[in-house]
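For reference, work-v5.cif is printed below; it contains mmCIF, C-alpha atoms.
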data_input
loop_
_atom_site.group_PDB
_atom_site.id
_atom_site.type_symbol
_atom_site.label_atom_id
_atom_site.label_comp_id
_atom_site.auth_asym_id
_atom_site.auth_seq_id
_atom_site.Cartn_x
_atom_site.Cartn_y
_atom_site.Cartn_z
ATOM 1 C CA GLU A 1 33.994 15.709 -17.158
ATOM 2 C CA ARG A 2 30.315 16.775 -17.212
ATOM 3 C CA THR A 3 29.749 14.459 -20.177
ATOM 4 C CA ARG A 4 31.468 11.636 -18.328
ATOM 5 C CA MET A 5 29.381 12.242 -15.193
ATOM 6 C CA SER A 6 26.253 12.405 -17.306
ATOM 7 C CA SER A 7 27.133 9.109 -18.938
ATOM 8 C CA LEU A 8 27.705 7.465 -15.540
ATOM 9 C CA SER A 9 24.395 8.848 -14.302
ATOM 10 C CA VAL A 10 22.541 7.415 -17.289
ATOM 11 C CA ARG A 11 24.273 4.079 -16.798
ATOM 12 C CA ARG A 12 23.326 3.987 -13.127
ATOM 13 C CA ARG A 13 19.751 4.873 -14.041
ATOM 14 C CA HIS A 14 19.625 2.032 -16.553
ATOM 15 C CA LEU A 15 21.013 -0.419 -13.991
ATOM 16 C CA LEU A 16 18.424 0.724 -11.440
ATOM 17 C CA ILE A 17 15.582 0.338 -13.941
ATOM 18 C CA ALA A 18 16.866 -3.108 -14.912
ATOM 19 C CA ALA A 19 17.009 -4.161 -11.263
ATOM 20 C CA VAL A 20 13.445 -2.960 -10.680
ATOM 21 C CA LEU A 21 12.084 -4.590 -13.837
ATOM 22 C CA ALA A 22 13.937 -7.901 -13.514
ATOM 23 C CA PRO A 23 11.388 -9.547 -11.174
ATOM 24 C CA CYS A 24 8.534 -8.360 -13.378
ATOM 25 C CA LEU A 25 10.174 -9.701 -16.514
ATOM 26 C CA ALA A 26 11.000 -12.981 -14.804
ATOM 27 C CA HIS A 27 7.377 -13.338 -13.725
ATOM 28 C CA ALA A 28 6.125 -12.491 -17.210
ATOM 29 C CA GLN A 29 8.443 -15.126 -18.699
ATOM 30 C CA GLY A 30 7.391 -17.730 -16.149
ATOM 31 C CA ARG A 31 10.727 -17.800 -14.323
ATOM 32 C CA THR A 32 9.511 -16.773 -10.875
ATOM 33 C CA PRO A 33 10.366 -19.610 -8.500
ATOM 34 C CA PRO A 34 7.256 -21.467 -7.339
ATOM 35 C CA LYS A 35 6.061 -20.433 -3.901
ATOM 36 C CA GLU A 36 5.648 -22.834 -1.034
ATOM 37 C CA GLY A 37 2.085 -22.776 0.242
ATOM 38 C CA LYS A 38 0.755 -21.554 -3.090
ATOM 39 C CA ASP A 39 2.251 -23.597 -5.926
ATOM 40 C CA PHE A 40 3.353 -26.535 -3.799
ATOM 41 C CA THR A 41 3.352 -27.793 -0.219
ATOM 42 C CA LEU A 42 5.786 -29.804 1.850
ATOM 43 C CA VAL A 43 4.864 -33.375 2.684
ATOM 44 C CA ARG A 44 4.962 -33.741 6.464
ATOM 45 C CA PRO A 45 6.375 -36.121 7.336
ATOM 46 C CA PRO A 46 8.261 -36.933 4.117
ATOM 47 C CA GLN A 47 7.261 -40.289 2.676
ATOM 48 C CA PRO A 48 9.542 -43.103 1.494
ATOM 49 C CA THR A 49 9.910 -43.637 -2.238
ATOM 50 C CA GLU A 50 10.128 -46.957 -4.065
ATOM 51 C CA GLY A 51 13.240 -46.186 -6.080
ATOM 52 C CA ALA A 52 15.933 -45.040 -3.638
ATOM 53 C CA ASN A 53 18.381 -44.234 -6.429
ATOM 54 C CA LYS A 54 15.959 -42.133 -8.457
ATOM 55 C CA ILE A 55 13.826 -39.060 -7.882
ATOM 56 C CA GLU A 56 10.230 -40.234 -7.755
ATOM 57 C CA VAL A 57 7.321 -38.470 -9.421
ATOM 58 C CA LEU A 58 4.080 -39.960 -8.132
ATOM 59 C CA GLU A 59 0.747 -39.219 -9.817
ATOM 60 C CA PHE A 60 -2.445 -39.589 -7.791
ATOM 61 C CA PHE A 61 -5.497 -40.068 -9.998
ATOM 62 C CA GLN A 62 -8.973 -41.583 -10.332
ATOM 63 C CA TYR A 63 -10.586 -42.919 -13.481
ATOM 64 C CA THR A 64 -13.815 -41.175 -12.372
ATOM 65 C CA CYS A 65 -12.071 -37.793 -12.188
ATOM 66 C CA PRO A 66 -12.629 -35.652 -15.335
ATOM 67 C CA HIS A 67 -9.699 -33.396 -14.442
ATOM 68 C CA CYS A 68 -7.440 -36.451 -14.277
ATOM 69 C CA ALA A 69 -8.620 -37.477 -17.736
ATOM 70 C CA THR A 70 -7.754 -34.097 -19.277
ATOM 71 C CA TYR A 71 -4.448 -33.956 -17.375
ATOM 72 C CA ASP A 72 -3.356 -37.374 -18.638
ATOM 73 C CA PRO A 73 -2.279 -36.301 -22.163
ATOM 74 C CA VAL A 74 -0.478 -33.265 -20.725
ATOM 75 C CA LEU A 75 1.486 -35.551 -18.417
ATOM 76 C CA ALA A 76 2.119 -38.030 -21.224
ATOM 77 C CA ALA A 77 3.961 -35.388 -23.246
ATOM 78 C CA TRP A 78 5.865 -34.126 -20.196
ATOM 79 C CA ARG A 79 6.996 -37.620 -19.182
ATOM 80 C CA LYS A 80 8.920 -37.877 -22.444
ATOM 81 C CA THR A 81 11.146 -35.012 -21.295
ATOM 82 C CA LEU A 82 12.080 -36.499 -17.917
ATOM 83 C CA PRO A 83 15.784 -37.158 -17.351
ATOM 84 C CA ALA A 84 17.189 -40.593 -16.562
ATOM 85 C CA ASP A 85 17.419 -39.959 -12.811
ATOM 86 C CA VAL A 86 13.633 -39.557 -12.493
ATOM 87 C CA GLU A 87 11.176 -42.425 -12.051
ATOM 88 C CA TYR A 88 7.477 -41.866 -12.794
ATOM 89 C CA ARG A 89 4.775 -43.876 -11.032
ATOM 90 C CA ARG A 90 1.021 -43.687 -10.590
ATOM 91 C CA ASN A 91 -1.056 -44.293 -7.484
ATOM 92 C CA PRO A 92 -4.773 -44.794 -8.222
ATOM 93 C CA ILE A 93 -7.235 -43.662 -5.561
ATOM 94 C CA ALA A 94 -10.584 -45.030 -4.453
ATOM 95 C CA TRP A 95 -12.294 -42.797 -1.931
ATOM 96 C CA ASN A 96 -14.628 -45.679 -1.112
ATOM 97 C CA ASP A 97 -15.062 -49.392 -1.759
ATOM 98 C CA GLN A 98 -17.404 -48.753 -4.692
ATOM 99 C CA THR A 99 -14.595 -47.580 -6.971
ATOM 100 C CA LEU A 100 -11.972 -50.006 -5.675
ATOM 101 C CA PRO A 101 -12.309 -52.032 -8.921
ATOM 102 C CA HIS A 102 -10.787 -49.049 -10.756
ATOM 103 C CA VAL A 103 -7.689 -49.289 -8.581
ATOM 104 C CA LYS A 104 -7.446 -52.980 -9.411
ATOM 105 C CA ILE A 105 -7.918 -52.190 -13.102
ATOM 106 C CA TYR A 106 -4.835 -50.007 -13.070
ATOM 107 C CA PHE A 107 -2.620 -52.498 -11.255
ATOM 108 C CA THR A 108 -3.846 -55.330 -13.475
ATOM 109 C CA LEU A 109 -2.881 -53.286 -16.529
ATOM 110 C CA GLU A 110 0.555 -52.759 -14.991
ATOM 111 C CA ALA A 111 0.958 -56.454 -14.246
ATOM 112 C CA LEU A 112 0.071 -57.352 -17.839
ATOM 113 C CA LYS A 113 2.258 -54.519 -19.224
ATOM 114 C CA LYS A 114 -0.749 -52.952 -20.927
ATOM 115 C CA THR A 115 -0.754 -49.583 -19.160
ATOM 116 C CA GLU A 116 0.554 -47.472 -22.025
ATOM 117 C CA GLU A 117 -1.836 -49.147 -24.433
ATOM 118 C CA LEU A 118 -5.046 -49.052 -22.386
ATOM 119 C CA HIS A 119 -4.763 -46.481 -19.588
ATOM 120 C CA ALA A 120 -6.177 -43.667 -21.739
ATOM 121 C CA LYS A 121 -8.856 -46.000 -23.127
ATOM 122 C CA VAL A 122 -10.124 -46.711 -19.614
ATOM 123 C CA PHE A 123 -10.373 -42.969 -19.011
ATOM 124 C CA ARG A 124 -12.353 -42.627 -22.232
ATOM 125 C CA ALA A 125 -14.658 -45.531 -21.396
ATOM 126 C CA VAL A 126 -15.514 -44.089 -17.986
ATOM 127 C CA GLN A 127 -15.546 -40.377 -18.843
ATOM 128 C CA VAL A 128 -16.802 -40.249 -22.421
ATOM 129 C CA ASP A 129 -18.658 -43.506 -23.016
ATOM 130 C CA ARG A 130 -20.141 -43.468 -19.491
ATOM 131 C CA ARG A 131 -19.254 -47.087 -18.821
ATOM 132 C CA PRO A 132 -18.898 -47.553 -15.040
ATOM 133 C CA LEU A 133 -16.422 -50.449 -15.301
ATOM 134 C CA LEU A 134 -17.174 -51.446 -11.730
ATOM 135 C CA LYS A 135 -18.443 -55.023 -12.184
ATOM 136 C CA THR A 136 -15.879 -57.752 -12.725
ATOM 137 C CA ASP A 137 -17.584 -59.236 -15.798
ATOM 138 C CA GLU A 138 -18.116 -55.825 -17.389
ATOM 139 C CA ILE A 139 -14.450 -55.008 -16.898
ATOM 140 C CA ALA A 140 -13.371 -58.365 -18.321
ATOM 141 C CA ASP A 141 -15.600 -57.871 -21.389
ATOM 142 C CA PHE A 142 -14.071 -54.431 -21.979
ATOM 143 C CA MET A 143 -10.533 -55.778 -21.732
ATOM 144 C CA ALA A 144 -11.334 -58.730 -23.990
ATOM 145 C CA ALA A 145 -12.687 -56.301 -26.580
ATOM 146 C CA ASN A 146 -9.342 -54.522 -26.366
ATOM 147 C CA GLY A 147 -7.219 -57.582 -27.012
ATOM 148 C CA ILE A 148 -6.575 -59.078 -23.569
ATOM 149 C CA ASP A 149 -7.390 -62.729 -22.999
ATOM 150 C CA ARG A 150 -10.431 -62.787 -20.731
ATOM 151 C CA LYS A 151 -9.195 -65.599 -18.483
ATOM 152 C CA GLN A 152 -5.769 -64.023 -18.178
ATOM 153 C CA TRP A 153 -7.384 -60.744 -17.204
ATOM 154 C CA LEU A 154 -9.649 -62.306 -14.570
ATOM 155 C CA ASP A 155 -6.844 -64.399 -13.091
ATOM 156 C CA THR A 156 -4.643 -61.332 -12.717
ATOM 157 C CA PHE A 157 -7.424 -58.980 -11.605
ATOM 158 C CA ASN A 158 -8.420 -61.407 -8.833
ATOM 159 C CA SER A 159 -4.851 -62.277 -7.839
ATOM 160 C CA PHE A 160 -3.352 -61.794 -4.405
ATOM 161 C CA ALA A 161 -0.625 -59.581 -5.913
ATOM 162 C CA VAL A 162 -3.090 -57.080 -7.396
ATOM 163 C CA GLY A 163 -5.177 -57.089 -4.211
ATOM 164 C CA THR A 164 -2.056 -56.355 -2.171
ATOM 165 C CA ARG A 165 -1.047 -53.487 -4.430
ATOM 166 C CA ALA A 166 -4.549 -52.018 -4.229
ATOM 167 C CA SER A 167 -4.393 -52.105 -0.425
ATOM 168 C CA ARG A 168 -0.950 -50.530 -0.460
ATOM 169 C CA ALA A 169 -2.178 -47.752 -2.783
ATOM 170 C CA SER A 170 -4.782 -46.785 -0.201
ATOM 171 C CA GLN A 171 -2.130 -46.554 2.493
ATOM 172 C CA VAL A 172 0.049 -44.380 0.269
ATOM 173 C CA TRP A 173 -2.489 -41.689 -0.631
ATOM 174 C CA LYS A 174 -3.605 -41.472 2.980
ATOM 175 C CA ALA A 175 0.014 -41.073 4.129
ATOM 176 C CA PHE A 176 0.442 -38.231 1.633
ATOM 177 C CA LYS A 177 -2.842 -36.717 2.898
ATOM 178 C CA VAL A 178 -4.224 -36.411 -0.624
ATOM 179 C CA ASP A 179 -7.645 -34.752 -0.551
ATOM 180 C CA GLY A 180 -8.266 -34.277 -4.273
ATOM 181 C CA THR A 181 -7.139 -35.401 -7.706
ATOM 182 C CA PRO A 182 -5.136 -35.005 -9.798
ATOM 183 C CA ALA A 183 -2.215 -34.429 -7.459
ATOM 184 C CA MET A 184 1.518 -34.933 -7.872
ATOM 185 C CA ALA A 185 4.149 -35.865 -5.293
ATOM 186 C CA ILE A 186 7.828 -35.229 -5.937
ATOM 187 C CA ASP A 187 10.378 -37.482 -4.217
ATOM 188 C CA GLY A 188 8.127 -38.007 -1.213
ATOM 189 C CA LYS A 189 8.796 -34.422 -0.085
ATOM 190 C CA PHE A 190 6.639 -32.072 -2.146
ATOM 191 C CA MET A 191 3.043 -31.966 -3.380
ATOM 192 C CA THR A 192 1.624 -29.904 -6.201
ATOM 193 C CA ALA A 193 -1.463 -29.973 -8.413
ATOM 194 C CA PRO A 194 -2.957 -28.078 -11.352
ATOM 195 C CA HIS A 195 -5.572 -26.469 -9.109
ATOM 196 C CA MET A 196 -2.808 -25.069 -6.886
ATOM 197 C CA VAL A 197 -0.838 -23.577 -9.764
ATOM 198 C CA GLY A 198 -3.860 -22.470 -11.764
ATOM 199 C CA SER A 199 -3.553 -24.631 -14.882
ATOM 200 C CA ARG A 200 -2.554 -28.067 -16.110
ATOM 201 C CA GLU A 201 0.312 -26.751 -18.231
ATOM 202 C CA GLY A 202 1.423 -24.395 -15.462
ATOM 203 C CA SER A 203 2.022 -27.316 -13.136
ATOM 204 C CA LEU A 204 4.774 -28.717 -15.359
ATOM 205 C CA PRO A 205 7.458 -26.067 -14.665
ATOM 206 C CA VAL A 206 6.576 -26.316 -10.973
ATOM 207 C CA MET A 207 7.309 -30.038 -11.095
ATOM 208 C CA ASP A 208 10.525 -29.371 -13.011
ATOM 209 C CA TYR A 209 11.531 -26.967 -10.251
ATOM 210 C CA LEU A 210 10.692 -29.491 -7.514
ATOM 211 C CA ILE A 211 12.610 -32.246 -9.304
ATOM 212 C CA GLN A 212 15.667 -29.998 -9.447
ATOM 213 C CA ARG A 213 15.210 -29.075 -5.789
ATOM 214 C CA ALA A 214 14.959 -32.755 -4.849
ATOM 215 C CA ARG A 215 18.078 -33.442 -6.901
ATOM 216 C CA THR A 216 19.963 -30.658 -5.119
ATOM 217 C CA GLU A 217 18.867 -31.924 -1.711
ATOM 218 C CA ARG A 218 20.071 -35.376 -2.665
ATOM 219 C CA GLY A 219 23.406 -33.828 -3.604
ATOM 220 C CA GLY A 220 23.084 -34.748 -7.255
ATOM 221 C CA LYS A 221 23.938 -32.741 -10.323
ATOM 222 C CA LYS A 222 22.158 -32.352 -13.637
#

Kindly present the structure from the file in structure tokens form.
Amino acid sequence: ERTRMSSLSVRRRHLLIAAVLAPCLAHAQGRTPPKEGKDFTLVRPPQPTEGANKIEVLEFFQYTCPHCATYDPVLAAWRKTLPADVEYRRNPIAWNDQTLPHVKIYFTLEALKKTEELHAKVFRAVQVDRRPLLKTDEIADFMAANGIDRKQWLDTFNSFAVGTRASRASQVWKAFKVDGTPAMAIDGKFMTAPHMVGSREGSLPVMDYLIQRARTERGGKK
């Protein structure tokens, strides 16, 4: 009986130690749930998304932002892992009229279906090669050197459709109250960013968590 009691005591002790250590181990393995106010914030009021049937991930960026440039390849790898019920979009930001051409660059690339091919090259031109890409002719020359017909580029860049999308982009980032880049919005309800989490790579599991939370709130299963 003493041996049995001793065995039960040891078992209880092990269970107690496991209960105490579990949060520490979870934190060490990166499984601690992200904290509201630290790793992410709520969007108040929640903003509408473009794809009602899909969970929206919205990236806010600037071509003049070095942190956006280094975050881009991290996001590129992560995007490949996104499930079918998630839609990824970008919203370029111009804090002032001077960099508005960069917003139009992005939407022109989208219109011509050249985003995947040239988005990173624009980052490199601005960040590494120190090419401002702010004047219409300079931008057109750059795009022509990268295989886009110059007239086609200028026609699209100066089109009403691209101008409208650029104006809408300004409304969107202001509605989300974005005050720095890069920043990520999940389903119009949550905001997170590498600087909040502490690292570019560390932001990815936070976004995974927020996607799952958005899915749960929508009543979906994955």

Exercise. Which one is closest to A:Thr164: A:Gly202, A:Lys104, A:Asn91, A:Lys189? Count all atoms listed in the file.
Worked result: A:Lys104

For this session: Can you give me, as a list of chain:residue names, the residues this file yields under the PyMOL selection byres ((chain A and resi 105) around 10)?
Result: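 Those residues are A:Tyr63, A:Pro92, A:Leu100, A:Pro101, A:His102, A:Val103, A:Lys104, A:Tyr106, A:Phe107, A:Thr108, A:Leu109, A:Glu110, A:Ala111, A:Thr115, A:His119, A:Val122, A:Leu133, A:Leu134, A:Thr136, A:Ile139, A:Ala140, A:Met143, A:Trp153, A:Thr156, A:Phe157, A:Val162, A:Ala166.
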
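Restricting the calculation to only C-alpha atoms, the smallest distance between A:Ile211 and any of A:Ile148, A:Ala94, A:Leu82, A:Val74 is found for A:Leu82.
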
Taking all atoms of stretch 90-94 of chain A that appear in the file, build a box with edges along x, y and z, extend it by 8 Å on every side, and state its centre and edge lengths in Å to one decimal, as JSON.
{"center_x": -4.8, "center_y": -44.3, "center_z": -7.5, "size_x": 27.6, "size_y": 17.4, "size_z": 22.1}

Exercise. At what distance in Å, to one decimal, does atom CA of A:Arg215 lie from atom CA of A:Pro34?
Worked result: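 Separation between atom CA of A:Pro34 and atom CA of A:Arg215: 16.1 Å.
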
Exercise. Around (13.6, -40.0, -5.5) in the file's frame, which residues reach within 9 Å when counting all atoms listed in the file? Return as a PyMOL selection string?
Worked result: chain A and resi 48-57+85-87+186-188+211+214-215+218

For this session: Would you mind telling me which residue in A:Thr99, A:Ser167, A:Ser159, A:Asn146 lies nearest to A:Cys65 when using all atoms listed in the file?
Result: A:Thr99

Exercise. Rounded to one decimal in Å, what is the spacing between atom CA of A:Trp95 and atom CA of A:Gly180?
Worked result: 9.7 Å

Where atoms are absent from stretch 158-170 of chain A, fill them in so it carries N, CA, C and O atoms, then output it as a PDB file, in the frame of the given file.
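And here is the file that came out, part25.pdb:
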ATOM      1  N   ASN A 158      -8.021 -60.808 -10.108  1.00  0.00           N
ATOM      2  CA  ASN A 158      -8.420 -61.407  -8.833  1.00  0.00           C
ATOM      3  C   ASN A 158      -7.242 -61.960  -8.038  1.00  0.00           C
ATOM      4  O   ASN A 158      -7.440 -62.608  -7.004  1.00  0.00           O
ATOM      5  N   SER A 159      -6.029 -61.698  -8.480  1.00  0.00           N
ATOM      6  CA  SER A 159      -4.851 -62.277  -7.839  1.00  0.00           C
ATOM      7  C   SER A 159      -4.528 -61.599  -6.516  1.00  0.00           C
ATOM      8  O   SER A 159      -4.902 -60.452  -6.261  1.00  0.00           O
ATOM      9  N   PHE A 160      -3.793 -62.325  -5.691  1.00  0.00           N
ATOM     10  CA  PHE A 160      -3.352 -61.794  -4.405  1.00  0.00           C
ATOM     11  C   PHE A 160      -2.432 -60.590  -4.627  1.00  0.00           C
ATOM     12  O   PHE A 160      -2.489 -59.606  -3.872  1.00  0.00           O
ATOM     13  N   ALA A 161      -1.587 -60.656  -5.644  1.00  0.00           N
ATOM     14  CA  ALA A 161      -0.625 -59.581  -5.913  1.00  0.00           C
ATOM     15  C   ALA A 161      -1.331 -58.266  -6.214  1.00  0.00           C
ATOM     16  O   ALA A 161      -0.962 -57.208  -5.684  1.00  0.00           O
ATOM     17  N   VAL A 162      -2.355 -58.300  -7.060  1.00  0.00           N
ATOM     18  CA  VAL A 162      -3.090 -57.080  -7.396  1.00  0.00           C
ATOM     19  C   VAL A 162      -3.869 -56.587  -6.181  1.00  0.00           C
ATOM     20  O   VAL A 162      -3.926 -55.373  -5.912  1.00  0.00           O
ATOM     21  N   GLY A 163      -4.465 -57.491  -5.426  1.00  0.00           N
ATOM     22  CA  GLY A 163      -5.177 -57.089  -4.211  1.00  0.00           C
ATOM     23  C   GLY A 163      -4.251 -56.422  -3.208  1.00  0.00           C
ATOM     24  O   GLY A 163      -4.616 -55.416  -2.565  1.00  0.00           O
ATOM     25  N   THR A 164      -3.036 -56.936  -3.087  1.00  0.00           N
ATOM     26  CA  THR A 164      -2.056 -56.355  -2.171  1.00  0.00           C
ATOM     27  C   THR A 164      -1.645 -54.959  -2.618  1.00  0.00           C
ATOM     28  O   THR A 164      -1.533 -54.034  -1.803  1.00  0.00           O
ATOM     29  N   ARG A 165      -1.433 -54.801  -3.916  1.00  0.00           N
ATOM     30  CA  ARG A 165      -1.047 -53.487  -4.430  1.00  0.00           C
ATOM     31  C   ARG A 165      -2.167 -52.475  -4.266  1.00  0.00           C
ATOM     32  O   ARG A 165      -1.933 -51.296  -3.988  1.00  0.00           O
ATOM     33  N   ALA A 166      -3.405 -52.916  -4.425  1.00  0.00           N
ATOM     34  CA  ALA A 166      -4.549 -52.018  -4.229  1.00  0.00           C
ATOM     35  C   ALA A 166      -4.627 -51.553  -2.773  1.00  0.00           C
ATOM     36  O   ALA A 166      -4.897 -50.382  -2.495  1.00  0.00           O
ATOM     37  N   SER A 167      -4.384 -52.472  -1.849  1.00  0.00           N
ATOM     38  CA  SER A 167      -4.393 -52.105  -0.425  1.00  0.00           C
ATOM     39  C   SER A 167      -3.263 -51.140  -0.114  1.00  0.00           C
ATOM     40  O   SER A 167      -3.444 -50.174   0.640  1.00  0.00           O
ATOM     41  N   ARG A 168      -2.099 -51.398  -0.681  1.00  0.00           N
ATOM     42  CA  ARG A 168      -0.950 -50.530  -0.460  1.00  0.00           C
ATOM     43  C   ARG A 168      -1.211 -49.134  -1.030  1.00  0.00           C
ATOM     44  O   ARG A 168      -0.841 -48.124  -0.423  1.00  0.00           O
ATOM     45  N   ALA A 169      -1.874 -49.047  -2.166  1.00  0.00           N
ATOM     46  CA  ALA A 169      -2.178 -47.752  -2.783  1.00  0.00           C
ATOM     47  C   ALA A 169      -3.019 -46.891  -1.858  1.00  0.00           C
ATOM     48  O   ALA A 169      -2.826 -45.671  -1.777  1.00  0.00           O
ATOM     49  N   SER A 170      -3.950 -47.518  -1.150  1.00  0.00           N
ATOM     50  CA  SER A 170      -4.782 -46.785  -0.201  1.00  0.00           C
ATOM     51  C   SER A 170      -3.944 -46.225   0.937  1.00  0.00           C
ATOM     52  O   SER A 170      -4.127 -45.084   1.369  1.00  0.00           O
TER      53      SER A 170
END
